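Listing of query.cif; format and content: mmCIF, C-alpha atoms.
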```cif
data_final
#
loop_
_atom_site.group_PDB
_atom_site.id
_atom_site.type_symbol
_atom_site.label_atom_id
_atom_site.label_comp_id
_atom_site.auth_asym_id
_atom_site.auth_seq_id
_atom_site.Cartn_x
_atom_site.Cartn_y
_atom_site.Cartn_z
ATOM 1 C CA MET J 14 9.477 26.691 68.756
ATOM 2 C CA SER J 15 6.176 28.091 67.400
ATOM 3 C CA GLU J 16 3.615 29.688 69.673
ATOM 4 C CA ASN J 17 1.330 26.640 69.305
ATOM 5 C CA GLN J 18 3.905 24.105 70.427
ATOM 6 C CA ILE J 19 4.039 22.766 73.952
ATOM 7 C CA PRO J 20 7.370 23.432 75.725
ATOM 8 C CA PRO J 21 9.463 20.224 75.544
ATOM 9 C CA GLN J 22 10.173 20.290 79.272
ATOM 10 C CA LEU J 23 6.481 20.003 80.066
ATOM 11 C CA THR J 24 5.630 16.421 80.987
ATOM 12 C CA ILE J 25 2.259 14.797 80.621
ATOM 13 C CA GLU J 26 1.620 13.939 84.277
ATOM 14 C CA PRO J 27 0.744 17.446 85.528
ATOM 15 C CA LEU J 28 -1.674 17.925 82.653
ATOM 16 C CA LEU J 29 -3.348 14.585 83.251
ATOM 17 C CA ALA J 30 -3.834 15.547 86.889
ATOM 18 C CA CYS J 31 -5.449 18.807 85.773
ATOM 19 C CA LEU J 32 -8.193 16.888 83.997
ATOM 20 C CA GLN J 33 -9.556 16.186 87.496
ATOM 21 C CA ASP J 34 -9.333 19.806 88.673
ATOM 22 C CA ASN J 35 -12.417 21.391 90.239
ATOM 23 C CA ASP J 36 -12.131 24.403 87.970
ATOM 24 C CA LEU J 37 -13.599 23.882 84.497
ATOM 25 C CA ASN J 38 -11.122 26.268 82.853
ATOM 26 C CA VAL J 39 -8.193 24.279 84.191
ATOM 27 C CA ARG J 40 -9.734 21.068 82.832
ATOM 28 C CA ARG J 41 -10.491 22.700 79.482
ATOM 29 C CA TYR J 42 -7.007 24.093 78.919
ATOM 30 C CA ALA J 43 -5.385 20.890 80.116
ATOM 31 C CA ALA J 44 -7.350 18.928 77.514
ATOM 32 C CA GLU J 45 -6.326 21.403 74.819
ATOM 33 C CA ALA J 46 -2.663 21.153 75.816
ATOM 34 C CA LEU J 47 -2.759 17.363 75.841
ATOM 35 C CA GLY J 48 -4.016 17.371 72.263
ATOM 36 C CA LYS J 49 -0.986 19.433 71.234
ATOM 37 C CA LEU J 50 1.485 17.412 73.273
ATOM 38 C CA GLY J 51 0.832 14.300 71.190
ATOM 39 C CA ASP J 52 1.365 11.754 73.952
ATOM 40 C CA GLN J 53 -0.831 8.681 73.527
ATOM 41 C CA ARG J 54 -1.010 8.192 77.301
ATOM 42 C CA ALA J 55 -3.609 10.966 77.272
ATOM 43 C CA ILE J 56 -6.106 8.982 75.217
ATOM 44 C CA ALA J 57 -7.914 7.138 78.025
ATOM 45 C CA PRO J 58 -8.116 10.188 80.353
ATOM 46 C CA LEU J 59 -9.391 12.365 77.523
ATOM 47 C CA ILE J 60 -12.047 9.777 76.679
ATOM 48 C CA LEU J 61 -13.244 10.040 80.266
ATOM 49 C CA CYS J 62 -13.491 13.814 79.781
ATOM 50 C CA LEU J 63 -16.123 13.257 77.125
ATOM 51 C CA LYS J 64 -18.489 12.711 80.045
ATOM 52 C CA ASP J 65 -17.470 15.931 81.823
ATOM 53 C CA ALA J 66 -20.387 18.029 83.072
ATOM 54 C CA ASP J 67 -19.063 21.093 81.249
ATOM 55 C CA ALA J 68 -19.624 21.297 77.482
ATOM 56 C CA ASP J 69 -16.435 23.299 76.872
ATOM 57 C CA VAL J 70 -14.350 20.618 78.559
ATOM 58 C CA ARG J 71 -16.062 17.975 76.427
ATOM 59 C CA ARG J 72 -15.351 20.056 73.325
ATOM 60 C CA GLN J 73 -11.644 20.401 74.058
ATOM 61 C CA ALA J 74 -11.349 16.700 74.856
ATOM 62 C CA THR J 75 -13.136 15.879 71.603
ATOM 63 C CA LYS J 76 -10.785 18.057 69.558
ATOM 64 C CA ALA J 77 -7.741 16.716 71.393
ATOM 65 C CA LEU J 78 -8.727 13.134 70.596
ATOM 66 C CA GLY J 79 -9.055 14.037 66.935
ATOM 67 C CA ALA J 80 -5.605 15.613 66.988
ATOM 68 C CA LEU J 81 -4.037 12.600 68.679
ATOM 69 C CA GLY J 82 -5.441 10.272 66.020
ATOM 70 C CA ASP J 83 -5.763 7.123 68.109
ATOM 71 C CA LYS J 84 -8.352 4.565 66.984
ATOM 72 C CA ARG J 85 -9.391 3.943 70.600
ATOM 73 C CA ALA J 86 -11.261 7.229 70.409
ATOM 74 C CA ILE J 87 -13.529 6.192 67.533
ATOM 75 C CA GLU J 88 -16.442 4.726 69.470
ATOM 76 C CA PRO J 89 -16.393 7.435 72.184
ATOM 77 C CA LEU J 90 -16.368 10.106 69.467
ATOM 78 C CA ILE J 91 -19.236 8.409 67.665
ATOM 79 C CA ALA J 92 -21.126 8.603 70.966
ATOM 80 C CA GLY J 93 -20.224 12.310 71.014
ATOM 81 C CA LEU J 94 -22.320 12.782 67.879
ATOM 82 C CA GLN J 95 -25.309 12.420 70.211
ATOM 83 C CA ASP J 96 -24.089 14.954 72.778
ATOM 84 C CA GLN J 97 -26.731 17.388 74.007
ATOM 85 C CA ASN J 98 -24.459 20.308 73.076
ATOM 86 C CA ARG J 99 -24.392 21.093 69.340
ATOM 87 C CA LYS J 100 -20.795 22.332 69.431
ATOM 88 C CA VAL J 101 -19.637 19.040 70.919
ATOM 89 C CA ARG J 102 -21.476 17.229 68.116
ATOM 90 C CA GLU J 103 -19.729 19.421 65.531
ATOM 91 C CA ASP J 104 -16.308 18.788 67.039
ATOM 92 C CA ALA J 105 -16.981 15.050 67.221
ATOM 93 C CA ALA J 106 -17.765 15.036 63.499
ATOM 94 C CA TRP J 107 -14.545 16.903 62.670
ATOM 95 C CA SER J 108 -12.474 14.598 64.856
ATOM 96 C CA LEU J 109 -13.959 11.498 63.254
ATOM 97 C CA ALA J 110 -13.060 12.880 59.837
ATOM 98 C CA LYS J 111 -9.449 13.263 61.015
ATOM 99 C CA LEU J 112 -9.381 9.669 62.207
ATOM 100 C CA ALA J 113 -10.486 8.504 58.723
ATOM 101 C CA GLU J 114 -12.301 5.465 60.045
ATOM 102 C CA PRO J 115 -15.024 3.817 57.871
ATOM 103 C CA GLN J 116 -16.887 2.902 61.048
ATOM 104 C CA ALA J 117 -17.807 6.583 61.402
ATOM 105 C CA VAL J 118 -19.565 6.843 58.038
ATOM 106 C CA GLU J 119 -23.021 5.622 59.020
ATOM 107 C CA PRO J 120 -23.156 7.680 62.255
ATOM 108 C CA LEU J 121 -22.101 10.773 60.287
ATOM 109 C CA ILE J 122 -24.778 10.074 57.691
ATOM 110 C CA ALA J 123 -27.287 10.072 60.548
ATOM 111 C CA CYS J 124 -25.975 13.511 61.555
ATOM 112 C CA LEU J 125 -27.172 14.887 58.228
ATOM 113 C CA GLN J 126 -30.594 14.821 59.883
ATOM 114 C CA ASP J 127 -29.445 16.728 62.970
ATOM 115 C CA GLU J 128 -31.750 19.537 64.089
ATOM 116 C CA ASP J 129 -28.837 21.973 64.054
ATOM 117 C CA ALA J 130 -27.707 23.274 60.654
ATOM 118 C CA ASP J 131 -24.086 23.699 61.781
ATOM 119 C CA VAL J 132 -23.905 20.038 62.742
ATOM 120 C CA ARG J 133 -25.390 19.028 59.392
ATOM 121 C CA GLN J 134 -22.884 21.075 57.419
ATOM 122 C CA VAL J 135 -19.919 19.749 59.405
ATOM 123 C CA ALA J 136 -21.178 16.190 58.955
ATOM 124 C CA ALA J 137 -21.465 16.767 55.201
ATOM 125 C CA SER J 138 -17.918 18.120 55.042
ATOM 126 C CA ALA J 139 -16.614 15.241 57.167
ATOM 127 C CA LEU J 140 -18.240 12.714 54.854
ATOM 128 C CA GLY J 141 -16.562 14.384 51.903
ATOM 129 C CA THR J 142 -13.232 14.052 53.672
ATOM 130 C CA LEU J 143 -13.838 10.373 54.381
ATOM 131 C CA GLY J 144 -14.716 9.805 50.713
ATOM 132 C CA ASP J 145 -17.001 6.822 51.310
ATOM 133 C CA LYS J 146 -19.627 6.390 48.597
ATOM 134 C CA ARG J 147 -22.148 5.099 51.127
ATOM 135 C CA ALA J 148 -22.819 8.755 51.896
ATOM 136 C CA GLY J 149 -23.751 9.650 48.309
ATOM 137 C CA LYS J 150 -27.517 9.239 48.487
ATOM 138 C CA SER J 151 -27.887 11.117 51.764
ATOM 139 C CA LEU J 152 -25.622 13.952 50.607
ATOM 140 C CA LEU J 153 -27.695 14.220 47.460
ATOM 141 C CA THR J 154 -30.749 14.866 49.617
ATOM 142 C CA CYS J 155 -28.830 17.610 51.430
ATOM 143 C CA LEU J 156 -28.585 19.623 48.222
ATOM 144 C CA LYS J 157 -32.145 20.663 49.012
ATOM 145 C CA ASP J 158 -31.462 21.550 52.648
ATOM 146 C CA LYS J 159 -32.934 24.862 53.789
ATOM 147 C CA ASP J 160 -29.516 25.980 55.054
ATOM 148 C CA LEU J 161 -27.179 27.272 52.345
ATOM 149 C CA HIS J 162 -24.027 26.085 54.131
ATOM 150 C CA VAL J 163 -25.378 22.555 54.261
ATOM 151 C CA ARG J 164 -26.081 22.721 50.531
ATOM 152 C CA ILE J 165 -22.576 24.040 49.852
ATOM 153 C CA ASN J 166 -20.810 21.365 51.902
ATOM 154 C CA ALA J 167 -22.993 18.630 50.458
ATOM 155 C CA ALA J 168 -22.140 19.770 46.919
ATOM 156 C CA LEU J 169 -18.414 19.831 47.643
ATOM 157 C CA ALA J 170 -18.582 16.437 49.346
ATOM 158 C CA LEU J 171 -20.361 14.893 46.351
ATOM 159 C CA GLY J 172 -17.608 16.229 44.107
ATOM 160 C CA LYS J 173 -14.943 14.665 46.316
ATOM 161 C CA LEU J 174 -16.804 11.357 46.319
ATOM 162 C CA GLY J 175 -16.951 11.341 42.521
ATOM 163 C CA GLU J 176 -20.652 10.644 42.871
ATOM 164 C CA THR J 177 -21.746 10.658 39.219
ATOM 165 C CA GLY J 178 -25.330 10.047 40.291
ATOM 166 C CA ALA J 179 -25.283 13.590 41.649
ATOM 167 C CA LEU J 180 -24.529 15.159 38.256
ATOM 168 C CA ALA J 181 -28.045 16.356 37.452
ATOM 169 C CA ALA J 182 -28.613 17.680 40.969
ATOM 170 C CA LEU J 183 -25.310 19.582 40.965
ATOM 171 C CA ILE J 184 -26.112 21.067 37.558
ATOM 172 C CA ALA J 185 -29.458 22.172 38.994
ATOM 173 C CA CYS J 186 -27.557 23.858 41.836
ATOM 174 C CA LEU J 187 -25.992 26.162 39.255
ATOM 175 C CA GLN J 188 -29.392 27.862 39.308
ATOM 176 C CA ASP J 189 -29.638 28.074 43.101
ATOM 177 C CA GLU J 190 -30.955 31.382 44.427
ATOM 178 C CA VAL J 191 -27.780 31.844 46.507
ATOM 179 C CA SER J 192 -24.554 32.809 44.746
ATOM 180 C CA ASP J 193 -22.316 30.844 47.130
ATOM 181 C CA VAL J 194 -24.213 27.647 46.347
ATOM 182 C CA ARG J 195 -23.897 28.257 42.604
ATOM 183 C CA GLN J 196 -20.167 28.884 42.958
ATOM 184 C CA HIS J 197 -19.498 25.734 44.943
ATOM 185 C CA ALA J 198 -21.709 23.660 42.660
ATOM 186 C CA ALA J 199 -19.436 24.699 39.799
ATOM 187 C CA SER J 200 -16.380 23.663 41.825
ATOM 188 C CA ALA J 201 -18.016 20.333 42.668
ATOM 189 C CA LEU J 202 -18.758 19.642 39.012
ATOM 190 C CA GLY J 203 -15.096 20.198 38.219
ATOM 191 C CA ALA J 204 -14.067 17.778 40.955
ATOM 192 C CA LEU J 205 -16.661 15.259 39.769
ATOM 193 C CA GLY J 206 -14.907 15.022 36.418
ATOM 194 C CA ASP J 207 -17.951 13.896 34.440
ATOM 195 C CA ARG J 208 -17.740 15.301 30.898
ATOM 196 C CA ARG J 209 -21.487 15.826 30.844
ATOM 197 C CA ALA J 210 -20.787 18.794 33.110
ATOM 198 C CA ILE J 211 -18.769 20.630 30.442
ATOM 199 C CA ASP J 212 -21.655 22.324 28.619
ATOM 200 C CA PRO J 213 -23.392 23.481 31.832
ATOM 201 C CA LEU J 214 -20.086 24.951 33.024
ATOM 202 C CA ILE J 215 -19.580 26.726 29.697
ATOM 203 C CA ALA J 216 -23.094 28.123 30.050
ATOM 204 C CA CYS J 217 -21.966 29.676 33.351
ATOM 205 C CA PHE J 218 -19.680 32.000 31.369
ATOM 206 C CA LYS J 219 -22.822 33.957 30.489
ATOM 207 C CA SER J 220 -23.814 34.394 34.136
ATOM 208 C CA ARG J 221 -24.080 37.918 35.502
ATOM 209 C CA ASP J 222 -22.461 36.616 38.674
ATOM 210 C CA LEU J 223 -18.750 37.124 38.121
ATOM 211 C CA LYS J 224 -17.836 34.795 41.012
ATOM 212 C CA VAL J 225 -19.756 31.994 39.331
ATOM 213 C CA ARG J 226 -17.878 32.693 36.098
ATOM 214 C CA GLN J 227 -14.583 32.615 37.999
ATOM 215 C CA ARG J 228 -15.357 29.243 39.587
ATOM 216 C CA ALA J 229 -16.653 27.831 36.301
ATOM 217 C CA VAL J 230 -13.359 28.681 34.587
ATOM 218 C CA LEU J 231 -11.344 26.839 37.238
ATOM 219 C CA ALA J 232 -13.725 23.888 37.153
ATOM 220 C CA LEU J 233 -13.675 23.600 33.372
ATOM 221 C CA GLY J 234 -9.889 23.546 33.390
ATOM 222 C CA LYS J 235 -10.006 20.106 35.000
ATOM 223 C CA PHE J 236 -11.386 18.587 31.784
ATOM 224 C CA GLY J 237 -8.278 19.107 29.660
ATOM 225 C CA ALA J 238 -8.599 19.378 25.873
ATOM 226 C CA PRO J 239 -12.347 20.103 25.725
ATOM 227 C CA ALA J 240 -11.729 23.162 27.902
ATOM 228 C CA VAL J 241 -9.237 24.897 25.617
ATOM 229 C CA LYS J 242 -11.546 26.656 23.145
ATOM 230 C CA PRO J 243 -14.101 27.843 25.746
ATOM 231 C CA LEU J 244 -11.300 29.118 27.989
ATOM 232 C CA ILE J 245 -9.805 31.180 25.193
ATOM 233 C CA ALA J 246 -13.151 32.943 24.912
ATOM 234 C CA CYS J 247 -12.761 33.880 28.598
ATOM 235 C CA PHE J 248 -9.852 36.164 27.687
ATOM 236 C CA ARG J 249 -12.567 38.555 26.480
ATOM 237 C CA ASP J 250 -14.507 38.467 29.745
ATOM 238 C CA PRO J 251 -15.104 41.964 31.207
ATOM 239 C CA ASP J 252 -13.875 40.833 34.635
ATOM 240 C CA VAL J 253 -10.119 40.733 35.107
ATOM 241 C CA ASN J 254 -10.355 37.911 37.654
ATOM 242 C CA VAL J 255 -12.109 35.673 35.150
ATOM 243 C CA ARG J 256 -9.336 36.404 32.656
ATOM 244 C CA GLU J 257 -6.703 35.753 35.346
ATOM 245 C CA ASN J 258 -8.306 32.404 36.175
ATOM 246 C CA ALA J 259 -8.324 31.422 32.512
ATOM 247 C CA ALA J 260 -4.617 32.247 32.235
ATOM 248 C CA LEU J 261 -3.924 30.258 35.397
ATOM 249 C CA VAL J 262 -5.763 27.227 34.044
ATOM 250 C CA PHE J 263 -3.897 27.401 30.739
ATOM 251 C CA GLY J 264 -0.656 27.472 32.666
ATOM 252 C CA LYS J 265 -1.593 24.080 34.107
ATOM 253 C CA LEU J 266 -2.845 22.497 30.876
ATOM 254 C CA GLY J 267 0.660 22.200 29.436
ATOM 255 C CA GLN J 268 1.157 21.152 25.815
ATOM 256 C CA LEU J 269 -2.583 21.078 25.135
ATOM 257 C CA ALA J 270 -2.629 24.849 25.407
ATOM 258 C CA VAL J 271 0.567 25.824 23.566
ATOM 259 C CA GLU J 272 -0.663 26.129 19.984
ATOM 260 C CA PRO J 273 -3.978 27.837 20.852
ATOM 261 C CA LEU J 274 -2.179 30.358 23.042
ATOM 262 C CA ILE J 275 0.444 31.088 20.399
ATOM 263 C CA ALA J 276 -2.395 31.751 17.956
ATOM 264 C CA CYS J 277 -3.916 34.155 20.482
ATOM 265 C CA LEU J 278 -0.718 36.217 20.457
ATOM 266 C CA LYS J 279 -1.809 37.481 17.025
ATOM 267 C CA ASP J 280 -5.349 38.344 18.070
ATOM 268 C CA THR J 281 -6.578 41.837 17.240
ATOM 269 C CA ASP J 282 -7.760 42.271 20.826
ATOM 270 C CA LEU J 283 -4.982 43.580 23.080
ATOM 271 C CA GLN J 284 -6.626 41.968 26.112
ATOM 272 C CA VAL J 285 -6.565 38.520 24.480
ATOM 273 C CA ARG J 286 -2.908 38.912 23.457
ATOM 274 C CA SER J 287 -1.961 40.080 26.927
ATOM 275 C CA PHE J 288 -3.536 37.193 28.804
ATOM 276 C CA ALA J 289 -2.334 34.631 26.263
ATOM 277 C CA ALA J 290 1.202 35.846 26.903
ATOM 278 C CA LYS J 291 0.586 35.725 30.646
ATOM 279 C CA ALA J 292 -0.686 32.143 30.383
ATOM 280 C CA LEU J 293 2.439 31.098 28.473
ATOM 281 C CA ALA J 294 4.576 32.700 31.165
ATOM 282 C CA LEU J 295 2.861 30.505 33.765
ATOM 283 C CA PHE J 296 3.979 27.262 32.139
ATOM 284 C CA PRO J 297 6.206 25.177 34.442
#
```
What's the structure tokens form of this structure?
Amino acid sequence: MSENQIPPQLTIEPLLACLQDNDLNVRRYAAEALGKLGDQRAIAPLILCLKDADADVRRQATKALGALGDKRAIEPLIAGLQDQNRKVREDAAWSLAKLAEPQAVEPLIACLQDEDADVRQVAASALGTLGDKRAGKSLLTCLKDKDLHVRINAALALGKLGETGALAALIACLQDEVSDVRQHAASALGALGDRRAIDPLIACFKSRDLKVRQRAVLALGKFGAPAVKPLIACFRDPDVNVRENAALVFGKLGQLAVEPLIACLKDTDLQVRSFAAKALALFP
């Protein structure tokens, strides 16, 4: 039994009783344990805990309901998106993402306007997890959010949604002042899968930011044949991690990469020969 598992001899009744305890710590830990126990009889009592006077108790009940995955919790969790405590709002957004219920999409879109940046970023990530295209327009607006983490999560969510209308905005994010945003914009463009992103990703190979180059290599690899020639050029990159990423991508491209890599084995550059051989060794 792992350290996170509840002992099998522990029954649900004592824990349910603890949800009414006068001590907030007892209530909090009981809610946490009930989420791990996985017994659906805890759903209704945990929903009642969402009105507990203590924010930490409400948080644990919110997370427990997400873990239990019962649809009865959807509307109470949606109400939790309006909780006065920002952490409760964050946890409600995460739990709704776990429940994968379309009913939560519009309330989560509204959370993209929350006054707290952490709530906005969690809502953006949750919408990416839900994968509902209704969120596309609002997530697009979030690419201009003042908080970098909101911009990052919005970019990644748009990639997951396959929101082709976000292509130009994500390409623009490759010029963001913050490196992390540029990196994740590259990843999002790879996930988006729109071939119009290929040239902007290739242009990233000239970036001084090696982490952007690393992400661009991985993103470009998702486009198959058009990626082969540019990726071979990455074997000459001064950063070993960029070269490693290129080899890794080639290892996943399969037959598309065989002939170009074999040709690279005769290159005059030892570095190119070395990583071509490494890429071939990565083939399944």
Q: Extract, using only C-alpha atoms, all DNA, RNA and protein residues at most 12 Å from segment 206-211 of chain J, discarding same-chain residues fewer than 4 positions from it, and format them as a PyMOL selection string.
A: chain J and resi 171-185+187+198-202+215-218+229-244
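Rounded to one decimal, atom CA of Glu26 of chain J and atom CA of Ile56 of chain J lie 12.9 Å from each other.
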(Q) To test your reading of the syntax: which residues would the PyMOL selection byres ((chain J and resi 65-74) around 6) return for the file shown? Reply as JSON, numbers by chain. (A) {"J": [41, 44, 45, 59, 62, 63, 64, 75, 76, 77, 101]}
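In terms of minimum interatomic distance to Lys265 of chain J, J:Phe296 ranks closest within J:Phe296, J:Asp189, J:Gln284, J:Pro251, counting all atoms listed in the file.
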Q.
Between J:Asn166, J:Asn258, J:Asn35, J:Thr24, which residue has the minimum interatomic distance to Gln134 of chain J, considering all atoms listed in the file?
A. J:Asn166
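Distance-wise, atom CA of Val39 of chain J and atom CA of Leu78 of chain J end up 17.6 Å apart.
What separates atom CA of Leu269 of chain J from atom CA of Asp282 of chain J is a distance of 22.2 Å.
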Q | Picked residues, the PyMOL selection byres ((chain J and resi 150) around 10), as JSON, numbers by chain | A | {"J": [122, 146, 147, 148, 149, 151, 152, 153, 154, 155, 171, 176, 178, 179]}
(Q) Could you list, as a PyMOL selection string, every residue within 10 Å of Leu28 of chain J, counting all atoms listed in the file and ignoring same-chain residues fewer than 5 positions away? (A) chain J and resi 23+33-34+39-40+42-47+50+55
Q) Once the PyMOL selection byres ((chain J and resi 80-84) around 8) has been applied to the shown file, what residues remain in the selection, as a PyMOL selection string? A) chain J and resi 48-49+51-53+56+76-79+85-87+108+111-112
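Nearest-residue note for Glu128 of chain J: choosing from J:Leu94, J:Lys279, J:Gly144, J:Arg99, the minimum distance belongs to J:Arg99, counting all atoms listed in the file.
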(Q) Residues near segment 162-164 of chain J, anyone? I mean within 10 Å using only C-alpha atoms, not counting same-chain ones fewer than 2 positions away, as a ChimeraX atom specification. (A) /J:125,130-138,152-160,166-170,186,189,193-195,197-198
Put those residues in a file: C-alpha atoms, as an mmCIF file, in the frame of the given file.
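Saved the output as again30.cif:
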```cif
data_model
loop_
_atom_site.group_PDB
_atom_site.id
_atom_site.type_symbol
_atom_site.label_atom_id
_atom_site.label_comp_id
_atom_site.auth_asym_id
_atom_site.auth_seq_id
_atom_site.Cartn_x
_atom_site.Cartn_y
_atom_site.Cartn_z
ATOM 1 C CA LEU J 125 -27.172 14.887 58.228
ATOM 2 C CA ALA J 130 -27.707 23.274 60.654
ATOM 3 C CA ASP J 131 -24.086 23.699 61.781
ATOM 4 C CA VAL J 132 -23.905 20.038 62.742
ATOM 5 C CA ARG J 133 -25.390 19.028 59.392
ATOM 6 C CA GLN J 134 -22.884 21.075 57.419
ATOM 7 C CA VAL J 135 -19.919 19.749 59.405
ATOM 8 C CA ALA J 136 -21.178 16.190 58.955
ATOM 9 C CA ALA J 137 -21.465 16.767 55.201
ATOM 10 C CA SER J 138 -17.918 18.120 55.042
ATOM 11 C CA LEU J 152 -25.622 13.952 50.607
ATOM 12 C CA LEU J 153 -27.695 14.220 47.460
ATOM 13 C CA THR J 154 -30.749 14.866 49.617
ATOM 14 C CA CYS J 155 -28.830 17.610 51.430
ATOM 15 C CA LEU J 156 -28.585 19.623 48.222
ATOM 16 C CA LYS J 157 -32.145 20.663 49.012
ATOM 17 C CA ASP J 158 -31.462 21.550 52.648
ATOM 18 C CA LYS J 159 -32.934 24.862 53.789
ATOM 19 C CA ASP J 160 -29.516 25.980 55.054
ATOM 20 C CA ASN J 166 -20.810 21.365 51.902
ATOM 21 C CA ALA J 167 -22.993 18.630 50.458
ATOM 22 C CA ALA J 168 -22.140 19.770 46.919
ATOM 23 C CA LEU J 169 -18.414 19.831 47.643
ATOM 24 C CA ALA J 170 -18.582 16.437 49.346
ATOM 25 C CA CYS J 186 -27.557 23.858 41.836
ATOM 26 C CA ASP J 189 -29.638 28.074 43.101
ATOM 27 C CA ASP J 193 -22.316 30.844 47.130
ATOM 28 C CA VAL J 194 -24.213 27.647 46.347
ATOM 29 C CA ARG J 195 -23.897 28.257 42.604
ATOM 30 C CA HIS J 197 -19.498 25.734 44.943
ATOM 31 C CA ALA J 198 -21.709 23.660 42.660
#
```
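For Lys224 of chain J, the set of protein, DNA and RNA residues having any atom at most 8 Å away, when counting all atoms listed in the file and skipping those fewer than 2 positions along the same chain, is Ser192, Gln196, Asp222, Arg226, Gln227 and Arg228 of chain J.
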Q. For Ala276 of chain J, which residue among J:Val225, J:Ala105, J:Val255, J:Ala290 is the nearest when counting only C-alpha atoms?
A. J:Ala290
Q: Give as number ranges by chain every residue, naming chains and numbers as the document does, that has an atom within 9 Å of (-1.2, 32.4, 33.2), counting only C-alpha atoms.
A: J: 257-265, 288-296
Dump of C-alpha atoms for the selected residues, as a CSV table (one decimal), keeping the file's coordinate frame:
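Saved file result_30.csv follows:
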```csv
chain,number,residue,atom,x,y,z
J,257,GLU,CA,-6.7,35.8,35.3
J,258,ASN,CA,-8.3,32.4,36.2
J,259,ALA,CA,-8.3,31.4,32.5
J,260,ALA,CA,-4.6,32.2,32.2
J,261,LEU,CA,-3.9,30.3,35.4
J,262,VAL,CA,-5.8,27.2,34.0
J,263,PHE,CA,-3.9,27.4,30.7
J,264,GLY,CA,-0.7,27.5,32.7
J,265,LYS,CA,-1.6,24.1,34.1
J,288,PHE,CA,-3.5,37.2,28.8
J,289,ALA,CA,-2.3,34.6,26.3
J,290,ALA,CA,1.2,35.8,26.9
J,291,LYS,CA,0.6,35.7,30.6
J,292,ALA,CA,-0.7,32.1,30.4
J,293,LEU,CA,2.4,31.1,28.5
J,294,ALA,CA,4.6,32.7,31.2
J,295,LEU,CA,2.9,30.5,33.8
J,296,PHE,CA,4.0,27.3,32.1
```
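Proximity to Leu109 of chain J was assessed for J:Gln126, J:Ser220, J:Thr142, J:Gln95 counting all atoms listed in the file; the smallest distance is recorded for J:Thr142.
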